[in-house]
file upload_29.csv (CSV, N, CA and C atoms)
chain,number,residue,atom,x,y,z
A,1,MET,N,-29.6,19.0,-16.5
A,1,MET,CA,-29.2,18.5,-15.2
A,1,MET,C,-29.6,17.0,-15.0
A,2,ILE,N,-30.8,16.6,-15.4
A,2,ILE,CA,-31.2,15.3,-15.3
A,2,ILE,C,-30.4,14.3,-16.2
A,3,LYS,N,-30.0,14.8,-17.4
A,3,LYS,CA,-29.2,14.0,-18.3
A,3,LYS,C,-27.8,13.7,-17.7
A,4,GLY,N,-27.3,14.7,-17.0
A,4,GLY,CA,-26.0,14.6,-16.4
A,4,GLY,C,-26.0,13.6,-15.3
A,5,ILE,N,-27.0,13.7,-14.4
A,5,ILE,CA,-27.2,12.7,-13.3
A,5,ILE,C,-27.4,11.3,-13.8
A,6,LEU,N,-28.3,11.2,-14.8
A,6,LEU,CA,-28.5,9.9,-15.4
A,6,LEU,C,-27.3,9.3,-16.0
A,7,THR,N,-26.5,10.1,-16.7
A,7,THR,CA,-25.3,9.7,-17.3
A,7,THR,C,-24.3,9.2,-16.3
A,8,VAL,N,-24.1,9.9,-15.2
A,8,VAL,CA,-23.1,9.5,-14.2
A,8,VAL,C,-23.6,8.3,-13.5
A,9,GLY,N,-24.9,8.2,-13.2
A,9,GLY,CA,-25.5,7.0,-12.6
A,9,GLY,C,-25.3,5.8,-13.4
A,10,MET,N,-25.5,5.9,-14.7
A,10,MET,CA,-25.4,4.8,-15.6
A,10,MET,C,-23.9,4.4,-15.8
A,11,LEU,N,-23.0,5.4,-15.8
A,11,LEU,CA,-21.6,5.1,-15.8
A,11,LEU,C,-21.1,4.3,-14.6
A,12,ILE,N,-21.7,4.7,-13.4
A,12,ILE,CA,-21.3,4.0,-12.2
A,12,ILE,C,-21.8,2.5,-12.3
A,13,VAL,N,-23.0,2.3,-12.7
A,13,VAL,CA,-23.5,0.9,-12.8
A,13,VAL,C,-22.7,0.1,-13.8
A,14,SER,N,-22.4,0.8,-15.0
A,14,SER,CA,-21.6,0.2,-16.0
A,14,SER,C,-20.2,-0.3,-15.5
A,15,ASN,N,-19.6,0.6,-14.7
A,15,ASN,CA,-18.3,0.3,-14.1
A,15,ASN,C,-18.3,-0.8,-13.1
A,16,VAL,N,-19.4,-0.9,-12.4
A,16,VAL,CA,-19.5,-2.0,-11.4
A,16,VAL,C,-19.5,-3.4,-12.2
A,17,PHE,N,-20.3,-3.4,-13.3
A,17,PHE,CA,-20.3,-4.6,-14.1
A,17,PHE,C,-18.9,-4.8,-14.8
A,18,MET,N,-18.3,-3.7,-15.2
A,18,MET,CA,-17.0,-3.8,-15.9
A,18,MET,C,-15.9,-4.4,-14.9
A,19,THR,N,-15.9,-3.9,-13.7
A,19,THR,CA,-14.9,-4.3,-12.8
A,19,THR,C,-15.1,-5.8,-12.4
A,20,PHE,N,-16.3,-6.2,-12.3
A,20,PHE,CA,-16.6,-7.6,-12.0
A,20,PHE,C,-16.2,-8.5,-13.2
A,21,ALA,N,-16.4,-8.0,-14.4
A,21,ALA,CA,-16.1,-8.7,-15.6
A,21,ALA,C,-14.6,-8.8,-15.8
A,22,TRP,N,-13.9,-7.8,-15.5
A,22,TRP,CA,-12.4,-7.8,-15.6
A,22,TRP,C,-11.6,-8.5,-14.5
A,23,TYR,N,-12.2,-8.3,-13.3
A,23,TYR,CA,-11.4,-8.8,-12.1
A,23,TYR,C,-12.1,-9.8,-11.2
A,24,GLY,N,-13.4,-10.0,-11.4
A,24,GLY,CA,-14.2,-10.9,-10.6
A,24,GLY,C,-13.7,-12.3,-10.7
A,25,HIS,N,-13.3,-12.7,-11.9
A,25,HIS,CA,-12.8,-14.1,-12.1
A,25,HIS,C,-11.6,-14.4,-11.2
A,26,LEU,N,-10.8,-13.3,-10.9
A,26,LEU,CA,-9.7,-13.5,-10.0
A,26,LEU,C,-10.1,-13.9,-8.6
A,27,LYS,N,-11.2,-13.2,-8.2
A,27,LYS,CA,-11.8,-13.6,-6.9
A,27,LYS,C,-12.4,-15.0,-6.9
A,28,LEU,N,-13.1,-15.3,-8.0
A,28,LEU,CA,-13.6,-16.7,-8.1
A,28,LEU,C,-12.5,-17.7,-8.0
A,29,GLN,N,-11.3,-17.4,-8.6
A,29,GLN,CA,-10.2,-18.3,-8.6
A,29,GLN,C,-9.6,-18.4,-7.2
A,30,GLU,N,-9.5,-17.2,-6.6
A,30,GLU,CA,-9.0,-17.2,-5.2
A,30,GLU,C,-9.9,-18.0,-4.3
A,31,MET,N,-11.2,-18.0,-4.5
A,31,MET,CA,-12.2,-18.8,-3.7
A,31,MET,C,-12.3,-20.2,-4.1
A,32,LYS,N,-11.4,-20.7,-5.1
A,32,LYS,CA,-11.4,-22.0,-5.6
A,32,LYS,C,-12.6,-22.4,-6.4
A,33,ILE,N,-13.4,-21.5,-6.9
A,33,ILE,CA,-14.6,-21.7,-7.7
A,33,ILE,C,-14.3,-22.0,-9.1
A,34,SER,N,-13.4,-21.2,-9.7
A,34,SER,CA,-13.1,-21.2,-11.1
A,34,SER,C,-11.6,-21.7,-11.4
A,35,THR,N,-11.0,-22.3,-10.4
A,35,THR,CA,-9.6,-22.8,-10.6
A,35,THR,C,-9.4,-23.7,-11.7
A,36,ALA,N,-10.4,-24.6,-11.9
A,36,ALA,CA,-10.3,-25.6,-13.0
A,36,ALA,C,-10.9,-25.2,-14.3
A,37,TRP,N,-11.4,-24.0,-14.4
A,37,TRP,CA,-12.0,-23.5,-15.6
A,37,TRP,C,-11.0,-23.3,-16.7
A,38,PRO,N,-11.2,-23.7,-17.9
A,38,PRO,CA,-10.3,-23.4,-19.0
A,38,PRO,C,-10.4,-21.9,-19.3
A,39,LEU,N,-9.4,-21.3,-19.8
A,39,LEU,CA,-9.3,-19.8,-20.1
A,39,LEU,C,-10.5,-19.4,-20.9
A,40,ILE,N,-10.9,-20.2,-21.9
A,40,ILE,CA,-12.0,-19.8,-22.8
A,40,ILE,C,-13.3,-19.7,-21.9
A,41,LEU,N,-13.5,-20.5,-20.9
A,41,LEU,CA,-14.7,-20.4,-20.1
A,41,LEU,C,-14.6,-19.1,-19.2
A,42,VAL,N,-13.5,-18.8,-18.7
A,42,VAL,CA,-13.3,-17.5,-18.0
A,42,VAL,C,-13.6,-16.3,-18.9
A,43,ILE,N,-13.1,-16.4,-20.1
A,43,ILE,CA,-13.4,-15.3,-21.1
A,43,ILE,C,-14.9,-15.2,-21.3
A,44,LEU,N,-15.6,-16.3,-21.6
A,44,LEU,CA,-17.0,-16.3,-21.9
A,44,LEU,C,-17.8,-15.8,-20.7
A,45,PHE,N,-17.4,-16.2,-19.5
A,45,PHE,CA,-18.0,-15.7,-18.2
A,45,PHE,C,-17.9,-14.2,-18.1
A,46,SER,N,-16.7,-13.7,-18.4
A,46,SER,CA,-16.4,-12.3,-18.3
A,46,SER,C,-17.2,-11.5,-19.4
A,47,TRP,N,-17.3,-12.1,-20.6
A,47,TRP,CA,-18.1,-11.4,-21.6
A,47,TRP,C,-19.5,-11.4,-21.2
A,48,GLY,N,-20.0,-12.4,-20.6
A,48,GLY,CA,-21.4,-12.4,-20.2
A,48,GLY,C,-21.7,-11.2,-19.2
A,49,ILE,N,-20.8,-11.0,-18.3
A,49,ILE,CA,-20.9,-9.9,-17.4
A,49,ILE,C,-20.8,-8.6,-18.1
A,50,ALA,N,-19.8,-8.5,-19.1
A,50,ALA,CA,-19.5,-7.3,-19.8
A,50,ALA,C,-20.7,-6.9,-20.7
A,51,LEU,N,-21.5,-7.8,-21.1
A,51,LEU,CA,-22.7,-7.4,-21.8
A,51,LEU,C,-23.6,-6.4,-21.1
A,52,PHE,N,-23.7,-6.6,-19.7
A,52,PHE,CA,-24.4,-5.7,-18.9
A,52,PHE,C,-23.7,-4.4,-18.8
A,53,GLU,N,-22.4,-4.4,-18.8
A,53,GLU,CA,-21.6,-3.2,-18.8
A,53,GLU,C,-22.0,-2.3,-20.0
A,54,TYR,N,-21.9,-2.9,-21.1
A,54,TYR,CA,-22.3,-2.2,-22.4
A,54,TYR,C,-23.7,-1.8,-22.4
A,55,ALA,N,-24.6,-2.5,-21.8
A,55,ALA,CA,-26.0,-2.1,-21.8
A,55,ALA,C,-26.2,-0.8,-21.0
A,56,PHE,N,-25.3,-0.4,-20.1
A,56,PHE,CA,-25.3,0.8,-19.4
A,56,PHE,C,-24.4,1.9,-20.0
A,57,GLN,N,-23.2,1.4,-20.4
A,57,GLN,CA,-22.2,2.3,-20.9
A,57,GLN,C,-22.6,3.0,-22.2
A,58,VAL,N,-23.1,2.3,-23.2
A,58,VAL,CA,-23.5,2.9,-24.5
A,58,VAL,C,-24.6,3.9,-24.3
A,59,PRO,N,-25.7,3.6,-23.6
A,59,PRO,CA,-26.7,4.6,-23.4
A,59,PRO,C,-26.2,5.8,-22.6
A,60,ALA,N,-25.4,5.5,-21.6
A,60,ALA,CA,-24.8,6.7,-20.8
A,60,ALA,C,-24.1,7.6,-21.7
A,61,ASN,N,-23.3,7.1,-22.6
A,61,ASN,CA,-22.5,8.0,-23.5
A,61,ASN,C,-23.4,8.7,-24.5
A,62,ARG,N,-24.4,8.0,-25.0
A,62,ARG,CA,-25.4,8.7,-25.9
A,62,ARG,C,-26.2,9.8,-25.2
A,63,ILE,N,-26.7,9.5,-24.0
A,63,ILE,CA,-27.5,10.5,-23.3
A,63,ILE,C,-26.6,11.7,-22.9
A,64,GLY,N,-25.4,11.4,-22.4
A,64,GLY,CA,-24.5,12.4,-21.9
A,64,GLY,C,-23.8,13.3,-22.9
A,65,PHE,N,-23.6,12.8,-24.1
A,65,PHE,CA,-22.8,13.5,-25.1
A,65,PHE,C,-23.5,14.7,-25.6
A,66,ALA,N,-22.8,15.8,-25.6
A,66,ALA,CA,-23.3,17.1,-26.0
A,66,ALA,C,-23.9,17.1,-27.4
A,67,GLY,N,-23.3,16.3,-28.3
A,67,GLY,CA,-23.8,16.2,-29.7
A,67,GLY,C,-25.2,15.6,-29.7
A,68,ASN,N,-25.6,14.9,-28.7
A,68,ASN,CA,-27.0,14.4,-28.6
A,68,ASN,C,-27.9,15.1,-27.6
A,69,GLY,N,-27.4,16.3,-27.2
A,69,GLY,CA,-28.2,17.2,-26.3
A,69,GLY,C,-27.9,17.0,-24.8
A,70,GLY,N,-26.8,16.2,-24.6
A,70,GLY,CA,-26.3,16.0,-23.2
A,70,GLY,C,-25.4,17.1,-22.7
A,71,PRO,N,-25.0,17.0,-21.5
A,71,PRO,CA,-24.2,18.1,-20.9
A,71,PRO,C,-22.7,18.0,-21.1
A,72,PHE,N,-22.2,16.8,-21.6
A,72,PHE,CA,-20.8,16.6,-21.6
A,72,PHE,C,-20.2,16.5,-23.0
A,73,THR,N,-19.0,17.0,-23.1
A,73,THR,CA,-18.2,16.9,-24.4
A,73,THR,C,-17.6,15.4,-24.3
A,74,LEU,N,-17.1,15.0,-25.5
A,74,LEU,CA,-16.5,13.7,-25.6
A,74,LEU,C,-15.3,13.5,-24.6
A,75,LEU,N,-14.5,14.5,-24.5
A,75,LEU,CA,-13.4,14.5,-23.6
A,75,LEU,C,-13.8,14.4,-22.1
A,76,GLN,N,-14.9,15.2,-21.8
A,76,GLN,CA,-15.4,15.2,-20.4
A,76,GLN,C,-15.9,13.8,-20.1
A,77,LEU,N,-16.7,13.2,-21.0
A,77,LEU,CA,-17.2,11.9,-20.8
A,77,LEU,C,-16.1,10.9,-20.5
A,78,LYS,N,-15.0,11.0,-21.3
A,78,LYS,CA,-13.9,10.0,-21.1
A,78,LYS,C,-13.2,10.2,-19.8
A,79,VAL,N,-12.9,11.4,-19.4
A,79,VAL,CA,-12.2,11.6,-18.1
A,79,VAL,C,-13.1,11.3,-17.0
A,80,LEU,N,-14.4,11.6,-17.1
A,80,LEU,CA,-15.4,11.2,-16.0
A,80,LEU,C,-15.4,9.7,-15.9
A,81,GLN,N,-15.5,9.0,-17.0
A,81,GLN,CA,-15.5,7.5,-17.0
A,81,GLN,C,-14.2,7.0,-16.3
A,82,GLU,N,-13.1,7.5,-16.6
A,82,GLU,CA,-11.8,7.0,-16.0
A,82,GLU,C,-11.8,7.2,-14.5
A,83,VAL,N,-12.3,8.4,-14.0
A,83,VAL,CA,-12.3,8.6,-12.6
A,83,VAL,C,-13.4,7.7,-11.9
A,84,ILE,N,-14.5,7.5,-12.5
A,84,ILE,CA,-15.5,6.6,-12.0
A,84,ILE,C,-14.9,5.2,-11.9
A,85,THR,N,-14.2,4.8,-13.0
A,85,THR,CA,-13.6,3.5,-13.0
A,85,THR,C,-12.6,3.3,-11.8
A,86,LEU,N,-11.8,4.3,-11.6
A,86,LEU,CA,-10.8,4.3,-10.5
A,86,LEU,C,-11.5,4.1,-9.1
A,87,ILE,N,-12.6,4.9,-9.0
A,87,ILE,CA,-13.3,4.8,-7.7
A,87,ILE,C,-13.9,3.5,-7.5
A,88,ILE,N,-14.6,3.0,-8.5
A,88,ILE,CA,-15.2,1.6,-8.4
A,88,ILE,C,-14.2,0.6,-8.2
A,89,PHE,N,-13.1,0.6,-8.9
A,89,PHE,CA,-12.0,-0.4,-8.8
A,89,PHE,C,-11.4,-0.3,-7.4
A,90,THR,N,-11.2,0.9,-6.8
A,90,THR,CA,-10.6,1.0,-5.5
A,90,THR,C,-11.6,0.4,-4.5
A,91,LEU,N,-12.9,0.7,-4.6
A,91,LEU,CA,-13.9,0.1,-3.7
A,91,LEU,C,-13.9,-1.4,-3.8
A,92,PHE,N,-13.9,-1.9,-5.0
A,92,PHE,CA,-13.9,-3.3,-5.3
A,92,PHE,C,-12.7,-4.0,-4.7
A,93,THR,N,-11.5,-3.4,-4.9
A,93,THR,CA,-10.3,-3.9,-4.3
A,93,THR,C,-10.3,-4.0,-2.8
A,94,ARG,N,-10.8,-2.9,-2.2
A,94,ARG,CA,-10.9,-2.8,-0.7
A,94,ARG,C,-11.8,-3.9,-0.1
A,95,VAL,N,-12.9,-4.1,-0.8
A,95,VAL,CA,-13.9,-5.1,-0.3
A,95,VAL,C,-13.5,-6.5,-0.6
A,96,PHE,N,-13.1,-6.8,-1.9
A,96,PHE,CA,-12.9,-8.2,-2.3
A,96,PHE,C,-11.5,-8.7,-2.2
A,97,PHE,N,-10.5,-7.8,-2.3
A,97,PHE,CA,-9.1,-8.2,-2.2
A,97,PHE,C,-8.5,-7.4,-1.1
A,98,GLN,N,-8.8,-7.7,0.1
A,98,GLN,CA,-8.4,-7.0,1.3
A,98,GLN,C,-6.9,-7.1,1.5
A,99,GLY,N,-6.2,-8.0,0.9
A,99,GLY,CA,-4.8,-8.2,1.0
A,99,GLY,C,-4.0,-7.2,0.2
A,100,GLU,N,-4.7,-6.5,-0.7
A,100,GLU,CA,-4.0,-5.5,-1.6
A,100,GLU,C,-3.9,-4.2,-0.8
A,101,ALA,N,-2.7,-3.7,-0.7
A,101,ALA,CA,-2.4,-2.5,0.1
A,101,ALA,C,-2.6,-1.3,-0.8
A,102,LEU,N,-3.1,-0.2,-0.1
A,102,LEU,CA,-3.3,1.1,-0.8
A,102,LEU,C,-2.2,2.0,-0.2
A,103,HIS,N,-1.3,2.4,-1.1
A,103,HIS,CA,-0.1,3.2,-0.6
A,103,HIS,C,-0.3,4.7,-1.0
A,104,TRP,N,0.6,5.5,-0.5
A,104,TRP,CA,0.5,6.9,-0.7
A,104,TRP,C,0.6,7.3,-2.2
A,105,ASN,N,1.3,6.5,-3.0
A,105,ASN,CA,1.5,6.8,-4.4
A,105,ASN,C,0.2,6.5,-5.1
A,106,HIS,N,-0.6,5.5,-4.7
A,106,HIS,CA,-1.9,5.3,-5.3
A,106,HIS,C,-2.9,6.4,-5.0
A,107,LEU,N,-2.8,6.9,-3.8
A,107,LEU,CA,-3.6,8.1,-3.4
A,107,LEU,C,-3.2,9.3,-4.2
A,108,ALA,N,-1.9,9.5,-4.4
A,108,ALA,CA,-1.4,10.6,-5.2
A,108,ALA,C,-1.9,10.5,-6.6
A,109,ALA,N,-1.9,9.3,-7.2
A,109,ALA,CA,-2.4,9.1,-8.6
A,109,ALA,C,-3.9,9.4,-8.6
A,110,PHE,N,-4.6,9.1,-7.6
A,110,PHE,CA,-6.0,9.3,-7.6
A,110,PHE,C,-6.3,10.9,-7.5
A,111,VAL,N,-5.5,11.6,-6.7
A,111,VAL,CA,-5.6,13.0,-6.7
A,111,VAL,C,-5.4,13.6,-8.1
A,112,CYS,N,-4.4,13.1,-8.7
A,112,CYS,CA,-4.0,13.6,-10.1
A,112,CYS,C,-5.2,13.4,-11.1
A,113,LEU,N,-5.9,12.3,-10.9
A,113,LEU,CA,-7.0,12.0,-11.8
A,113,LEU,C,-8.2,12.9,-11.5
A,114,VAL,N,-8.4,13.2,-10.2
A,114,VAL,CA,-9.5,14.1,-9.8
A,114,VAL,C,-9.1,15.5,-10.4
A,115,LEU,N,-7.9,15.9,-10.3
A,115,LEU,CA,-7.4,17.1,-10.9
A,115,LEU,C,-7.7,17.1,-12.4
A,116,ALA,N,-7.5,16.0,-13.1
A,116,ALA,CA,-7.8,15.9,-14.5
A,116,ALA,C,-9.3,16.2,-14.8
A,117,VAL,N,-10.2,15.7,-13.9
A,117,VAL,CA,-11.6,16.0,-14.1
A,117,VAL,C,-11.8,17.5,-13.9
A,118,TYR,N,-11.2,18.1,-12.9
A,118,TYR,CA,-11.3,19.6,-12.7
A,118,TYR,C,-10.8,20.3,-14.0
A,119,PHE,N,-9.7,20.0,-14.5
A,119,PHE,CA,-9.1,20.7,-15.7
A,119,PHE,C,-10.0,20.4,-16.9
A,120,VAL,N,-10.5,19.2,-17.1
A,120,VAL,CA,-11.3,19.0,-18.3
A,120,VAL,C,-12.6,19.7,-18.3
A,121,PHE,N,-13.1,20.0,-17.1
A,121,PHE,CA,-14.4,20.8,-17.0
A,121,PHE,C,-14.2,22.3,-16.9
A,122,LEU,N,-12.9,22.7,-16.8
A,122,LEU,CA,-12.6,24.1,-16.7
A,122,LEU,C,-13.0,24.8,-18.1
A,123,LYS,N,-13.7,25.9,-18.0
A,123,LYS,CA,-14.1,26.6,-19.2
A,123,LYS,C,-13.0,27.6,-19.6
call {"tool": "encode", "arguments": {"input": "upload_29.csv", "output": "structure tokens"}}
result
Amino acid sequence: MIKGILTVGMLIVSNVFMTFAWYGHLKLQEMKISTAWPLILVILFSWGIALFEYAFQVPANRIGFAGNGGPFTLLQLKVLQEVITLIIFTLFTRVFFQGEALHWNHLAAFVCLVLAVYFVFLK
């Protein structure tokens, strides 16, 4: 039980860093902070943030993987990761990119992913 909670918590933290690494530079550009940055600097900035993503992602997968005594199969870890990614991305978008609209088809896709979690954990 503890390994499962720890795994999910670390995946959440990892995804916060991942989302900022992948999309945070767009917000910095929108705020006119990184507009003049060359692409290589944007990439290096994102890699710097992604290092923290990996610092949580890799241990989460090692702790959570059934082959290492964790509670999750590899497929369960992957689907769990994708749903956490979607949740974090949706929250990030709602907070930092308020002009982005959330439509019914986005919610339908989210429901489908939640159903994917249900099915992947079905015995």
call {"tool": "closest_residue", "arguments": {"input": "upload_29.csv", "among": "A:Ala108, A:Met1, A:Leu6, A:Val117", "to": "Pro59 (chain A)", "atoms": "only N, CA and C atoms"}}
result
A:Leu6
call {"tool": "closest_atom_pairs", "arguments": {"input": "upload_29.csv", "of": "region 32-81 of chain A", "to": "region 19-23 of chain A", "cutoff": "12 Å", "atoms": "only C-alpha atoms", "output": "CSV"}}
result
residue,atom,partner,partner_atom,distance
A:Val42,CA,A:Ala21,CA,9.5
A:Ile43,CA,A:Ala21,CA,9.0
A:Leu44,CA,A:Ala21,CA,9.9
A:Phe45,CA,A:Ala21,CA,7.7
A:Ser46,CA,A:Ala21,CA,4.5
A:Trp47,CA,A:Ala21,CA,6.9
A:Gly48,CA,A:Ala21,CA,7.9
A:Ile49,CA,A:Ala21,CA,5.3
A:Ala50,CA,A:Ala21,CA,5.6
A:Leu51,CA,A:Ala21,CA,9.1
A:Phe52,CA,A:Ala21,CA,9.4
A:Glu53,CA,A:Ala21,CA,8.4
A:Tyr54,CA,A:Ala21,CA,11.3
call {"tool": "select_by_dssp", "arguments": {"input": "upload_29.csv", "residues": "chain A", "states": "alpha helix (DSSP H)", "output": "NGL selection string"}}
result
:A and (2-30 or 39-64 or 74-96 or 104-121)
call {"tool": "residues_around", "arguments": {"input": "upload_29.csv", "residues": "Leu75 (chain A)", "least_positions_apart": "6", "cutoff": "8 Å", "atoms": "all atoms listed in the file", "output": "list in words"}}
result
Gln81, Val120 and Phe121 of chain A
call {"tool": "closest_residue", "arguments": {"input": "upload_29.csv", "among": "A:Lys32, A:Gln57, A:Ile2, A:Arg62", "to": "Phe17 (chain A)", "atoms": "only C-alpha atoms"}}
result
A:Gln57
call {"tool": "residues_around", "arguments": {"input": "upload_29.csv", "residues": "Thr35 (chain A)", "least_positions_apart": "5", "cutoff": "10 Å", "atoms": "only C-alpha atoms", "output": "list in words"}}
result
His25, Leu26, Leu28, Gln29, Glu30 and Val42 of chain A
